[in-house]
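K.L.:
start34.tsv (TSV, C-alpha atoms) pasted underneath:
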```tsv
chain	number	residue	atom	x	y	z
A	1	MET	CA	-3.81	60.94	-38.57
A	2	GLU	CA	-2.66	63.77	-36.30
A	3	ASP	CA	-3.36	66.35	-38.99
A	4	ILE	CA	-7.08	65.71	-38.70
A	5	ILE	CA	-8.97	68.91	-37.98
A	6	ILE	CA	-10.68	68.76	-34.60
A	7	CYS	CA	-11.99	72.33	-34.33
A	8	ARG	CA	-13.57	73.02	-37.71
A	9	CYS	CA	-14.21	76.73	-37.15
A	10	GLU	CA	-10.68	77.71	-36.13
A	11	GLU	CA	-9.06	74.88	-38.12
A	12	ILE	CA	-7.11	73.43	-35.20
A	13	THR	CA	-5.62	69.97	-35.76
A	14	GLN	CA	-5.30	67.03	-33.42
A	15	ARG	CA	-1.53	67.58	-33.46
A	16	GLU	CA	-1.90	71.17	-32.18
A	17	ILE	CA	-4.29	70.12	-29.41
A	18	GLU	CA	-2.03	67.27	-28.30
A	19	ALA	CA	0.92	69.68	-28.26
A	20	ALA	CA	-1.07	72.00	-25.99
A	21	ILE	CA	-1.83	69.11	-23.63
A	22	GLU	CA	1.87	68.19	-23.61
A	23	ASP	CA	2.62	71.82	-22.78
A	24	GLY	CA	0.48	71.52	-19.66
A	25	ALA	CA	-3.13	72.23	-20.62
A	26	ARG	CA	-5.35	69.96	-18.53
A	27	THR	CA	-8.91	71.23	-19.13
A	28	PHE	CA	-10.94	72.18	-22.19
A	29	ASN	CA	-10.71	75.82	-21.10
A	30	GLU	CA	-6.92	75.66	-20.98
A	31	VAL	CA	-6.63	73.96	-24.38
A	32	LYS	CA	-8.94	76.68	-25.70
A	33	ARG	CA	-6.67	79.43	-24.40
A	34	PHE	CA	-3.58	77.67	-25.80
A	35	THR	CA	-4.90	77.01	-29.31
A	36	ARG	CA	-8.14	79.03	-29.95
A	37	CYS	CA	-10.08	75.78	-30.47
A	38	GLY	CA	-13.74	76.25	-29.59
A	39	MET	CA	-13.50	80.03	-30.03
A	40	GLY	CA	-14.87	80.14	-33.57
A	41	LEU	CA	-18.36	80.67	-34.93
A	42	CYS	CA	-19.93	77.54	-33.45
A	43	GLN	CA	-18.38	78.15	-30.00
A	44	GLY	CA	-17.22	74.57	-29.44
A	45	ARG	CA	-20.49	72.86	-30.34
A	46	THR	CA	-18.67	70.54	-32.72
A	47	CYS	CA	-15.27	70.06	-31.07
A	48	ARG	CA	-15.81	70.36	-27.30
A	49	VAL	CA	-16.56	66.68	-26.66
A	50	ARG	CA	-13.75	65.53	-28.94
A	51	ILE	CA	-11.23	67.76	-27.14
A	52	GLU	CA	-12.44	66.54	-23.75
A	53	LYS	CA	-11.83	62.99	-24.98
A	54	LEU	CA	-8.37	63.87	-26.32
A	55	ILE	CA	-7.43	65.34	-22.92
A	56	ALA	CA	-8.76	62.23	-21.16
A	57	ARG	CA	-6.83	59.95	-23.49
A	58	LYS	CA	-3.57	61.91	-23.15
A	59	THR	CA	-3.71	62.44	-19.37
A	60	LYS	CA	-5.25	58.99	-18.71
A	61	LYS	CA	-7.96	60.53	-16.53
A	62	PRO	CA	-11.76	60.34	-16.92
A	63	PRO	CA	-13.11	63.09	-19.23
A	64	ARG	CA	-14.28	66.32	-17.58
A	65	GLN	CA	-16.97	68.51	-19.08
A	66	GLY	CA	-15.73	71.87	-20.32
A	67	ASN	CA	-17.33	75.26	-19.84
A	68	TYR	CA	-20.79	75.85	-21.23
A	69	ARG	CA	-21.97	79.40	-21.65
A	70	GLN	CA	-25.21	80.97	-22.75
A	71	PRO	CA	-26.61	81.32	-25.31
A	72	VAL	CA	-26.90	77.60	-26.03
A	73	ARG	CA	-27.95	78.43	-29.60
A	74	PRO	CA	-26.43	81.27	-31.59
A	75	VAL	CA	-28.81	84.24	-31.83
A	76	ASN	CA	-28.50	87.63	-33.48
A	77	LEU	CA	-28.01	90.61	-31.19
A	78	GLY	CA	-31.05	92.15	-32.91
A	79	ILE	CA	-33.27	89.46	-31.41
A	80	GLU	CA	-32.13	90.49	-27.94
A	81	GLY	CA	-32.96	94.08	-28.81
A	82	ASP	CA	-36.49	93.07	-29.80
A	83	ILE	CA	-36.98	91.35	-26.44
A	84	LEU	CA	-35.83	94.46	-24.58
A	85	ASN	CA	-38.13	96.72	-26.61
A	86	GLU	CA	-41.25	94.71	-25.84
B	1	MET	CA	-32.32	69.20	-60.52
B	2	ASN	CA	-32.01	66.56	-57.87
B	3	ARG	CA	-34.74	66.61	-55.23
B	4	ILE	CA	-36.99	64.39	-53.17
B	5	LYS	CA	-40.29	64.62	-55.09
B	6	GLU	CA	-42.49	63.17	-52.39
B	7	HIS	CA	-41.70	63.09	-48.70
B	8	PRO	CA	-43.80	61.18	-46.11
B	9	ILE	CA	-43.84	64.14	-43.75
B	10	LEU	CA	-43.09	67.23	-45.84
B	11	GLY	CA	-45.52	66.37	-48.66
B	12	LYS	CA	-45.12	66.84	-52.38
B	13	THR	CA	-42.52	69.26	-53.69
B	14	GLU	CA	-44.74	70.34	-56.62
B	15	ASP	CA	-47.30	71.77	-54.20
B	16	LYS	CA	-44.88	74.47	-53.11
B	17	LYS	CA	-44.57	77.95	-54.63
B	18	GLU	CA	-41.50	78.63	-56.72
B	19	VAL	CA	-39.15	81.50	-55.93
B	20	THR	CA	-35.91	82.69	-57.54
B	21	ILE	CA	-32.72	83.21	-55.57
B	22	TRP	CA	-29.43	84.59	-56.84
B	23	VAL	CA	-26.30	82.61	-56.01
B	24	ASP	CA	-23.03	84.34	-56.97
B	25	GLY	CA	-24.97	86.20	-59.66
B	26	LYS	CA	-26.71	83.11	-61.07
B	27	ALA	CA	-30.49	82.68	-60.80
B	28	LEU	CA	-31.66	79.43	-59.21
B	29	LYS	CA	-35.18	78.05	-58.86
B	30	ALA	CA	-36.12	77.34	-55.25
B	31	TYR	CA	-39.27	76.21	-53.48
B	32	GLU	CA	-40.79	78.43	-50.84
B	33	GLY	CA	-40.12	77.19	-47.31
B	34	GLU	CA	-37.03	75.15	-48.13
B	35	MET	CA	-33.63	76.05	-46.72
B	36	ILE	CA	-30.98	77.78	-48.82
B	37	ALA	CA	-28.70	74.73	-48.50
B	38	ALA	CA	-31.43	72.50	-49.99
B	39	THR	CA	-31.64	74.68	-53.10
B	40	LEU	CA	-27.86	74.72	-53.49
B	41	LEU	CA	-27.52	70.95	-53.12
B	42	ALA	CA	-30.41	70.36	-55.56
B	43	ASN	CA	-28.49	72.45	-58.09
B	44	GLY	CA	-25.22	70.60	-57.53
B	45	ILE	CA	-23.50	73.34	-55.52
B	46	LYS	CA	-21.47	71.69	-52.78
B	47	VAL	CA	-18.91	74.37	-51.89
B	48	PHE	CA	-20.51	77.07	-49.71
B	49	ARG	CA	-17.42	78.82	-48.38
B	50	TYR	CA	-13.64	78.75	-48.15
B	51	THR	CA	-11.92	78.65	-44.76
B	52	LYS	CA	-9.80	81.51	-43.44
B	53	LYS	CA	-6.56	79.72	-42.59
B	54	ARG	CA	-6.16	76.91	-45.12
B	55	LYS	CA	-8.51	78.31	-47.81
B	56	GLU	CA	-10.18	74.92	-47.98
B	57	PRO	CA	-13.70	74.45	-49.38
B	58	ARG	CA	-16.54	73.72	-46.95
B	59	GLY	CA	-20.18	72.78	-47.36
B	60	ILE	CA	-22.83	70.91	-45.42
B	61	PHE	CA	-21.49	69.14	-42.32
B	62	CYS	CA	-24.17	68.84	-39.62
B	63	ALA	CA	-27.16	70.33	-41.50
B	64	ILE	CA	-28.98	71.14	-38.24
B	65	GLY	CA	-27.58	74.60	-37.48
B	66	ARG	CA	-24.92	73.63	-34.96
B	67	CYS	CA	-21.58	73.46	-36.71
B	68	THR	CA	-21.66	76.71	-38.78
B	69	ASP	CA	-19.79	75.00	-41.62
B	70	CYS	CA	-22.42	75.99	-44.20
B	71	VAL	CA	-22.30	79.75	-43.57
B	72	MET	CA	-22.52	82.10	-46.55
B	73	VAL	CA	-23.04	85.79	-47.21
B	74	VAL	CA	-26.81	86.25	-47.48
B	75	ASP	CA	-28.14	89.66	-48.59
B	76	GLY	CA	-24.84	91.22	-47.52
B	77	ILE	CA	-24.84	89.63	-44.06
B	78	PRO	CA	-21.90	87.23	-43.51
B	79	ASN	CA	-21.92	84.01	-41.45
B	80	VAL	CA	-25.56	83.11	-42.14
B	81	ARG	CA	-26.20	79.41	-41.56
B	82	THR	CA	-27.76	78.34	-44.87
B	83	CYS	CA	-29.00	74.98	-43.56
B	84	ILE	CA	-31.54	76.64	-41.25
B	85	THR	CA	-32.32	79.82	-43.21
B	86	PRO	CA	-35.39	79.57	-45.47
B	87	VAL	CA	-35.25	81.00	-48.99
B	88	ARG	CA	-36.98	84.27	-49.88
B	89	GLU	CA	-37.81	85.67	-53.31
B	90	GLY	CA	-34.85	87.59	-54.74
B	91	MET	CA	-32.40	86.57	-52.01
B	92	LYS	CA	-28.77	87.28	-52.91
B	93	ILE	CA	-26.31	84.64	-51.75
B	94	GLU	CA	-22.55	84.67	-52.14
B	95	THR	CA	-19.82	82.14	-51.44
B	96	GLN	CA	-18.08	83.26	-48.26
B	97	LYS	CA	-14.32	83.71	-48.17
B	98	GLY	CA	-12.81	83.37	-44.72
B	99	LEU	CA	-14.86	85.14	-42.10
B	100	GLY	CA	-16.67	87.27	-44.64
B	101	SER	CA	-17.32	90.97	-44.36
B	102	TRP	CA	-20.36	93.19	-43.99
B	103	GLU	CA	-19.72	95.13	-47.17
B	104	ARG	CA	-18.61	93.61	-50.40
B	105	SER	CA	-15.00	94.71	-50.66
B	106	GLU	CA	-11.60	93.62	-51.89
B	107	ASN	CA	-10.36	92.68	-48.41
B	108	ASP	CA	-12.84	89.82	-48.02
B	109	GLU	CA	-10.28	87.56	-46.44
```
What's the structure tokens form of this structure?
P.N.:
Amino acid sequence: MEDIIICRCEEITQREIEAAIEDGARTFNEVKRFTRCGMGLCQGRTCRVRIEKLIARKTKKPPRQGNYRQPVRPVNLGIEGDILNE
Amino acid sequence: MNRIKEHPILGKTEDKKEVTIWVDGKALKAYEGEMIAATLLANGIKVFRYTKKRKEPRGIFCAIGRCTDCVMVVDGIPNVRTCITPVREGMKIETQKGLGSWERSENDE
């Protein structure tokens, strides 16, 4: 059960995330810095909510929303260049 | 071939123009306007990439362009989300190993 992958991009398991919480991580941002979860290609789009729930379950506190950064959708840098050139 | 022949919103498949795409060196028949992932699934290809750490196979997971599990090397560009990238005539698609690389080389992983 604990070997279930939570962060699919960086292949971080539930066990690793729970270990990080036991080591003192209390927010999504801290778990991210401990384990690299949410730092892969999809930038936490798949795992953020699940990690927030894991933290809430482990610390027995209501879930807190992690950091959201732009861009909301992944875009190529070339697209940004096109906007600047217009 | 395994496709939806008639869709209430998207119309009939036969109405669409046929194009050829190359997947790992093999020619596949695709319909213009459909996504790369649709062509692959219709041809029974379920493994799109292998992960970096555990070398496990991955394919379609969310199919709406969020999870990046279906990324492949498309025309030499790695990490292209095949579920939201339409096919083009002569497109070259390769199974991605790990994070992929910009040039085809031995150190792909």
K.L.:
Expressed in Å to a single decimal, how great is the separation between CA of Glu56 (chain B) and CA of Phe28 (chain A)?
P.N.:
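Going from CA of Glu56 (chain B) over to CA of Phe28 (chain A), I get 25.9 Å.
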K.L.:
Can you tell me which residues surround region 29-44 of chain A at a distance of at most 12 Å, considering all atoms listed in the file, apart from same-chain residues fewer than 5 positions away, and format the answer as a VMD selection string?
P.N.:
(chain A and resid 5 to 24 49 to 52 54 to 55 64 to 75) or (chain B and resid 51 to 52 62 65 to 71 78 to 81 98 to 100)
K.L.:
Could you name the residues that touch Tyr31 (chain B) at 10 Å or less, counting all atoms listed in the file, but leaving out those on the same chain fewer than 3 positions away, as a compact mmCIF listing (two decimals) with C-alpha atoms, in the coordinates of the input?
P.N.:
```txt
# COMPACT_ATOMS: atom_id res chain seq x y z
CA THR B 13 -42.52 69.26 -53.69
CA GLU B 14 -44.74 70.34 -56.62
CA ASP B 15 -47.30 71.77 -54.20
CA LYS B 16 -44.88 74.47 -53.11
CA LYS B 17 -44.57 77.95 -54.63
CA GLU B 18 -41.50 78.63 -56.72
CA VAL B 19 -39.15 81.50 -55.93
CA THR B 20 -35.91 82.69 -57.54
CA ILE B 21 -32.72 83.21 -55.57
CA GLU B 34 -37.03 75.15 -48.13
CA MET B 35 -33.63 76.05 -46.72
CA ILE B 36 -30.98 77.78 -48.82
CA ALA B 38 -31.43 72.50 -49.99
CA THR B 39 -31.64 74.68 -53.10
CA PRO B 86 -35.39 79.57 -45.47
CA VAL B 87 -35.25 81.00 -48.99
CA ARG B 88 -36.98 84.27 -49.88
CA GLU B 89 -37.81 85.67 -53.31
```
K.L.:
Between CA of Thr95 (chain B) and CA of Lys53 (chain B), measure the distance and give it in Å to one decimal.
P.N.:
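Distance between the two atoms: 16.1 Å.
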K.L.:
At what distance in Å, to one decimal, does CA of Ala56 (chain A) lie from CA of Thr27 (chain A)?
P.N.:
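Separation between CA of Thr27 (chain A) and CA of Ala56 (chain A): 9.2 Å.
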K.L.:
Could you write out as JSON the box around region 1-15 of chain B (axis-aligned, all atoms listed in the file, 4 Å on each side), with centre and edge lengths in Å to one decimal?
P.N.:
```
{"center_x": -39.7, "center_y": 66.5, "center_z": -52.1, "size_x": 23.3, "size_y": 18.6, "size_z": 24.8}
```
K.L.:
With all atoms listed in the file as the basis for distance, which of B:Asp24, B:Ala63, B:Cys83, B:Ala30 is at the shortest distance from Gln96 (chain B)?
P.N.:
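Going through B:Asp24, B:Ala63, B:Cys83, B:Ala30 one by one, the smallest distance to Gln96 (chain B) is for B:Asp24.
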K.L.:
Smallest atom-to-atom distance to Phe61 (chain B): which of A:Asp3, A:Asp82, A:Ala25, A:Thr46, using all atoms listed in the file?
P.N.:
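Closest candidate: A:Thr46.
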K.L.:
Out of B:Leu10, B:Ile84, B:Leu41, B:Ala27, which residue has the shortest atom-to-atom distance to chain A when counting all atoms listed in the file?
P.N.:
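Using all atoms listed in the file, chain A sits closest to B:Ile84.
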K.L.:
Pick out the closest residue to chain B from this set: A:Lys53, A:Cys47, A:Pro63, A:Arg26. Count all atoms listed in the file.
P.N.:
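Selected residue with least distance to chain B: A:Cys47.
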